[in-house]
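Undergrad: Sharing query13.txt, compact mmCIF, C-alpha atoms:
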```
# COMPACT_ATOMS: atom_id res chain seq x y z
CA MET A 1 72.58 101.24 62.50
CA PRO A 2 74.82 103.72 64.27
CA PHE A 3 77.20 105.40 61.85
CA GLU A 4 79.45 108.40 61.95
CA ALA A 5 78.32 111.47 60.08
CA ILE A 6 81.37 113.54 59.11
CA THR A 7 80.99 117.28 58.83
CA ALA A 8 84.09 119.05 57.61
CA GLU A 9 85.50 121.78 55.44
CA ALA A 10 88.96 121.52 53.96
CA ASP A 11 90.79 121.32 57.28
CA PRO A 12 90.83 117.71 58.72
CA SER A 13 91.13 119.12 62.23
CA THR A 14 87.57 120.43 61.95
CA ILE A 15 86.09 116.96 61.40
CA GLN A 16 83.37 116.11 63.94
CA HIS A 17 81.91 112.65 64.54
CA VAL A 18 78.24 112.43 65.47
CA THR A 19 76.62 109.11 66.43
CA ILE A 20 73.30 108.56 64.64
CA ILE A 21 71.04 105.62 65.52
CA GLN A 22 68.39 104.33 63.14
CA ALA A 23 64.88 103.64 64.38
CA SER A 24 64.72 100.11 65.80
CA VAL A 25 62.65 97.32 64.29
CA MET A 26 62.54 95.40 67.61
CA SER A 27 63.43 96.40 71.17
CA TYR A 28 63.94 94.53 74.46
CA ARG A 29 64.81 95.64 78.01
CA PHE A 30 66.55 93.69 80.78
CA ARG A 31 68.48 94.20 84.01
CA LYS A 32 71.21 91.77 85.04
CA HIS A 33 71.59 92.25 88.79
CA LEU A 34 71.61 94.64 91.76
CA PHE A 35 74.71 96.54 90.69
CA THR A 36 73.60 97.36 87.15
CA ALA A 37 70.93 99.64 85.78
CA GLY A 38 68.63 98.39 83.06
CA HIS A 39 69.78 97.95 79.49
CA LEU A 40 68.00 98.40 76.19
CA ILE A 41 68.54 96.20 73.12
CA GLU A 42 67.38 97.52 69.76
CA LEU A 43 67.53 95.61 66.49
CA THR A 44 67.95 97.83 63.47
CA GLU A 45 68.08 96.89 59.81
CA ARG A 46 71.86 96.55 60.06
CA GLY A 47 72.65 95.27 63.54
CA VAL A 48 72.21 95.17 67.32
CA GLN A 49 72.38 98.32 69.45
CA LEU A 50 73.07 98.04 73.20
CA SER A 51 72.10 101.16 75.17
CA ARG A 52 71.64 102.23 78.76
CA HIS A 53 68.13 102.28 80.20
CA ASP A 54 67.81 105.96 79.25
CA GLY A 55 68.72 105.29 75.62
CA ARG A 56 72.37 106.40 75.71
CA PRO A 57 74.26 104.10 73.29
CA ILE A 58 76.96 101.76 74.63
CA ARG A 59 77.88 99.42 71.80
CA PHE A 60 76.74 98.48 68.33
CA LEU A 61 77.39 95.26 66.38
CA GLU A 62 76.53 94.86 62.74
CA PHE A 63 74.92 91.52 61.88
CA SER A 64 77.67 90.86 59.32
CA ASP A 65 80.37 91.32 62.01
CA ILE A 66 78.88 88.79 64.46
CA LYS A 67 80.69 85.46 64.16
CA THR A 68 79.14 83.53 67.07
CA VAL A 69 75.73 83.50 68.75
CA GLN A 70 76.05 81.72 72.10
CA VAL A 71 72.93 80.72 74.06
CA PHE A 72 73.27 79.18 77.51
CA ASP A 73 71.66 78.81 80.96
CA SER A 74 72.86 81.41 83.45
CA GLY A 75 71.53 80.11 86.76
CA GLU A 76 68.28 80.08 88.69
CA ALA A 77 66.00 82.90 89.74
CA GLU A 78 62.60 83.10 91.36
CA THR A 79 59.50 85.11 90.58
CA GLU A 80 57.93 87.48 93.11
CA ASP A 81 55.66 84.64 94.29
CA GLY A 82 58.64 82.31 94.80
CA ARG A 83 58.43 80.08 91.70
CA LEU A 84 61.82 78.93 90.39
CA PHE A 85 62.85 79.23 86.77
CA THR A 86 66.05 79.00 84.73
CA MET A 87 67.59 82.19 83.40
CA LYS A 88 68.81 82.17 79.81
CA ALA A 89 71.54 84.29 78.27
CA CYS A 90 72.66 85.09 74.74
CA ARG A 91 76.16 86.36 73.95
CA LEU A 92 76.86 87.95 70.57
CA ILE A 93 80.55 87.59 69.77
CA PRO A 94 81.97 89.75 66.95
CA ARG A 95 85.02 89.13 64.77
CA TRP A 96 86.78 91.78 66.81
CA GLY A 97 85.87 94.02 69.71
CA ARG A 98 83.66 93.47 72.73
CA SER A 99 80.62 91.20 72.77
CA ILE A 100 77.03 91.97 73.77
CA GLU A 101 75.28 89.80 76.36
CA ILE A 102 71.50 89.68 76.71
CA ILE A 103 69.62 87.87 79.48
CA SER A 104 66.03 86.70 79.78
CA THR A 105 65.26 88.42 83.10
CA SER A 106 65.05 91.77 84.85
CA TYR A 107 66.35 91.98 88.42
CA ILE A 108 63.75 92.82 91.09
CA GLY A 109 65.48 92.03 94.39
CA MET A 110 67.23 89.42 96.51
CA GLY A 111 65.71 85.94 96.52
CA SER A 112 65.14 83.45 99.30
CA LYS A 113 68.77 82.30 99.09
CA LYS A 114 71.93 84.40 98.83
CA TYR A 115 72.95 83.05 95.43
CA ARG A 116 69.48 83.51 93.96
CA GLN A 117 67.65 86.65 92.86
CA LYS A 118 64.04 87.62 92.33
CA ALA A 119 63.44 88.60 88.74
CA SER A 120 60.75 89.05 86.15
CA ASN A 121 60.91 86.35 83.49
CA HIS A 122 60.91 87.62 79.88
CA ARG A 123 61.68 84.24 78.35
CA GLU A 124 59.06 84.40 75.58
CA GLU A 125 60.18 87.86 74.41
CA PHE A 126 63.83 86.82 74.84
CA GLN A 127 63.39 83.75 72.63
CA LYS A 128 61.72 85.81 69.89
CA LEU A 129 64.56 88.34 70.03
CA VAL A 130 67.29 85.69 69.90
CA HIS A 131 65.59 83.89 67.00
CA LYS A 132 65.36 87.16 65.08
CA ILE A 133 69.05 87.87 65.74
CA GLN A 134 69.99 84.37 64.59
CA GLN A 135 68.04 84.84 61.35
CA GLU A 136 69.60 88.23 60.61
CA VAL A 137 73.15 87.10 61.46
CA SER A 138 72.77 83.95 59.36
CA GLN A 139 71.72 86.02 56.34
CA ALA A 140 74.41 88.68 56.80
CA ASN A 141 77.23 86.26 57.68
CA PRO A 142 76.81 82.69 56.28
CA ASP A 143 79.93 81.58 58.21
CA ALA A 144 78.44 82.46 61.61
CA VAL A 145 78.07 79.64 64.14
CA SER A 146 75.83 78.81 67.07
CA PHE A 147 77.62 78.00 70.32
CA SER A 148 75.56 76.32 73.03
CA GLY A 149 76.68 75.45 76.53
CA SER A 150 79.41 77.12 78.57
CA ARG A 151 82.98 75.90 79.03
CA ALA A 152 83.44 77.94 82.23
CA ILE A 153 80.29 76.54 83.90
CA GLN A 154 81.13 73.03 82.72
CA LEU A 155 84.60 73.22 84.31
CA MET A 156 83.12 74.59 87.52
CA PHE A 157 80.67 71.67 87.84
CA ALA A 158 83.39 69.18 86.90
CA PHE A 159 85.59 70.57 89.69
CA VAL A 160 82.74 70.29 92.22
CA SER A 161 82.21 66.70 91.02
CA LEU A 162 85.84 65.97 91.91
CA LEU A 163 85.10 67.05 95.47
CA GLY A 164 82.49 64.28 95.59
CA LEU A 165 85.13 61.84 94.36
CA GLY A 166 87.34 63.06 97.20
CA LEU A 167 84.62 62.16 99.71
CA VAL A 168 84.38 58.64 98.24
CA ILE A 169 88.14 58.13 98.45
CA PHE A 170 88.21 59.45 102.00
CA GLY A 171 85.31 57.17 102.97
CA VAL A 172 87.14 54.13 101.58
CA TYR A 173 90.58 54.82 103.02
CA ALA A 174 89.68 56.44 106.33
CA PRO A 175 88.95 53.13 108.12
CA LEU A 176 92.23 51.72 106.85
CA VAL A 177 94.33 54.45 108.44
CA SER A 178 92.15 54.98 111.51
CA ARG A 179 93.28 53.59 114.84
CA LYS A 180 89.67 52.79 115.72
CA PRO A 181 88.28 49.35 114.91
CA LEU A 182 86.25 48.94 111.71
CA SER A 183 83.10 48.20 113.72
CA LYS A 184 83.13 51.81 114.94
CA THR A 185 83.98 53.56 111.66
CA TRP A 186 82.18 51.61 108.92
CA PHE A 187 78.88 53.51 109.27
CA ILE A 188 80.52 56.94 108.95
CA SER A 189 82.55 55.66 106.00
CA LEU A 190 79.40 54.35 104.33
CA ILE A 191 77.68 57.74 104.72
CA LEU A 192 80.71 59.51 103.21
CA ILE A 193 80.74 57.13 100.25
CA VAL A 194 76.99 57.46 99.58
CA VAL A 195 77.07 61.27 99.86
CA GLY A 196 80.22 61.42 97.74
CA VAL A 197 78.78 59.23 94.96
CA SER A 198 75.53 61.25 94.90
CA PHE A 199 77.45 64.53 94.90
CA MET A 200 79.82 63.35 92.18
CA ARG A 201 77.07 61.97 89.93
CA THR A 202 74.82 65.06 90.23
CA PHE A 203 77.49 67.60 89.39
CA TRP A 204 79.05 65.41 86.68
CA MET A 205 75.67 65.24 84.92
CA LEU A 206 75.38 69.01 85.24
CA ALA A 207 78.85 69.39 83.73
CA LEU A 208 77.82 67.22 80.77
CA SER A 209 74.67 69.30 80.24
CA TYR A 210 76.84 72.40 79.76
CA LYS A 211 79.12 70.73 77.22
CA PRO A 212 79.91 73.30 74.50
CA GLU A 213 78.58 72.45 71.04
CA ILE A 214 79.36 74.40 67.88
CA GLN A 215 77.03 74.26 64.88
CA PRO A 216 76.71 76.41 61.74
CA LEU A 217 73.97 78.92 62.45
CA ASN A 218 72.13 78.30 59.18
CA GLU A 219 71.97 74.56 59.96
CA LEU A 220 70.55 75.27 63.41
CA LEU A 221 67.84 77.51 61.95
CA GLN A 222 66.93 74.88 59.34
CA ALA A 223 66.59 72.25 62.07
CA VAL A 224 64.35 74.56 64.11
CA GLU A 225 62.22 75.89 61.26
CA THR A 226 61.65 72.61 59.37
CA PRO A 227 59.45 71.00 62.11
CA ALA A 228 57.55 74.28 62.46
CA ALA A 229 56.88 74.32 58.72
CA LYS A 230 55.61 70.76 58.81
CA ASP A 231 53.27 71.55 61.71
CA SER A 232 51.76 74.46 59.77
CA GLU A 233 50.90 72.26 56.77
```
Translate this structure into structure tokens?
TA:
Amino acid sequence: MPFEAITAEADPSTIQHVTIIQASVMSYRFRKHLFTAGHLIELTERGVQLSRHDGRPIRFLEFSDIKTVQVFDSGEAETEDGRLFTMKACRLIPRWGRSIEIISTSYIGMGSKKYRQKASNHREEFQKLVHKIQQEVSQANPDAVSFSGSRAIQLMFAFVSLLGLGLVIFGVYAPLVSRKPLSKTWFISLILIVVGVSFMRTFWMLALSYKPEIQPLNELLQAVETPAAKDSE
């Protein structure tokens, strides 16, 4: 745990603050995207330390100060051989101050599409890290909650779904206001309706999959660990 060691004589103006970081019990490295350097996550006995790739500390959160552990999908990436996979992210939200976000990948380069990146997939290590954080936070702060999904992504997909609805409405009403006879416009209208319905349904289902759900963290851990305990018997 980083803490401030105070060295002083009688005069308060001589007080110096020195950041000291305990040895970590678990560490994890990741890189978000092209415009960021790598980051280092270290779990200590008291909390989570976020540092730059060279070890310079950025932010520290004590387990007891974390009120929410949010886990969500953060888009698609592809491996160096072109295989697609889903990136995961974990956001640690404290009672006050800035949060820490951890992702399951390390950026390598641009992917086959502009919105996609090539990255190394650390999902197994990421899941172990997140589970350890959840356990420590649950013990240190019994009131902590798990937050799954993403309101921002859900609203984005819902908005895109409305564009599909717009295509359906346009496909239905376009022949009614067109000066051309129905025999010449029905096929185009049918295509617009089919594409619109497919577009609307796909993105609406995606919006539902990102629906935020809040659950006490200790209940989530019990639900996860109980089946594992049964399997080990």
Undergrad: Excluding range 130-146 of chain A and residues on its chain fewer than 2 positions from it, collect all residues at most 6 Å away from it, counting only C-alpha atoms, and give them as a ChimeraX atom specification.
TA: /A:63-64,67-70,127-128,214-218
Undergrad: I'd like to know which of A:Trp204, A:Lys32, A:Phe60, A:Phe147 is closest to Asn121 in chain A, using all atoms listed in the file.
TA: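 That would be A:Lys32, the residue with the smallest distance to Asn121 in chain A.
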Undergrad: Find the residues around range 174-178 of chain A up to 8 Å (all atoms listed in the file counted), leave out those fewer than 5 positions away in its own chain, and share them as a PDB file with C-alpha atoms, keeping the file's coordinate frame.
TA:
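Written out: part_13.pdb:
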```pdb
ATOM      1  CA  THR A 185      83.980  53.560 111.660  1.00  0.00           C
ATOM      2  CA  TRP A 186      82.180  51.610 108.920  1.00  0.00           C
ATOM      3  CA  SER A 189      82.550  55.660 106.000  1.00  0.00           C
TER       4      SER A 189
END
```
Undergrad: Mind checking which residues fall within 8 Å of Pro94 in chain A, counting all atoms listed in the file, ignoring those fewer than 3 positions away in the same chain, and posting them as a list in words?
TA: Leu61, Asp65, Ile66, Lys67, Thr68, Gly97, Arg98 and Ser99 of chain A
Undergrad: Looking at A:Glu101, A:Leu92, A:Glu125, A:Ser150, which one is nearest to Met26 in chain A, with distances taken over all atoms listed in the file?
TA: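 Answer, going by the shortest atom-to-atom distance: A:Glu125.
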Undergrad: Report, in Å to a single decimal, how far apart CA of Ile108 in chain A and CA of Ser74 in chain A are.
TA: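 Going from CA of Ser74 in chain A over to CA of Ile108 in chain A, I get 16.5 Å.
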Undergrad: When you draw a straight line from CA of Phe203 in chain A to CA of Ala89 in chain A, how long is it in Å?
TA: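 CA of Ala89 in chain A lies 20.9 Å from CA of Phe203 in chain A.
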Undergrad: Measuring between only C-alpha atoms, which one of A:Leu165, A:Ile41, A:Ser51, A:Ser209 shows the shortest distance to Ser104 in chain A?
TA: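 Answer, going by the shortest atom-to-atom distance: A:Ile41.
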Undergrad: Write out as an NGL selection string each polymer residue whose atoms come within 12 Å of Leu84 in chain A, counting only C-alpha atoms; drop sequence neighbours fewer than 6 positions from it.
TA: :A and (75-78 or 111-113 or 116-121)
Undergrad: Just the number, please: distance in Å from CA of Leu155 in chain A to CA of Gly196 in chain A, one decimal.
TA: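 Straight-line distance from CA of Leu155 in chain A to CA of Gly196 in chain A works out to 18.4 Å.
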Undergrad: Return the single residue from A:Ile58, A:Val172, A:Leu206, A:Leu221 that is closest to His39 in chain A, with distances computed using only C-alpha atoms.
TA: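 Using only C-alpha atoms, the shortest distance to His39 in chain A belongs to A:Ile58.
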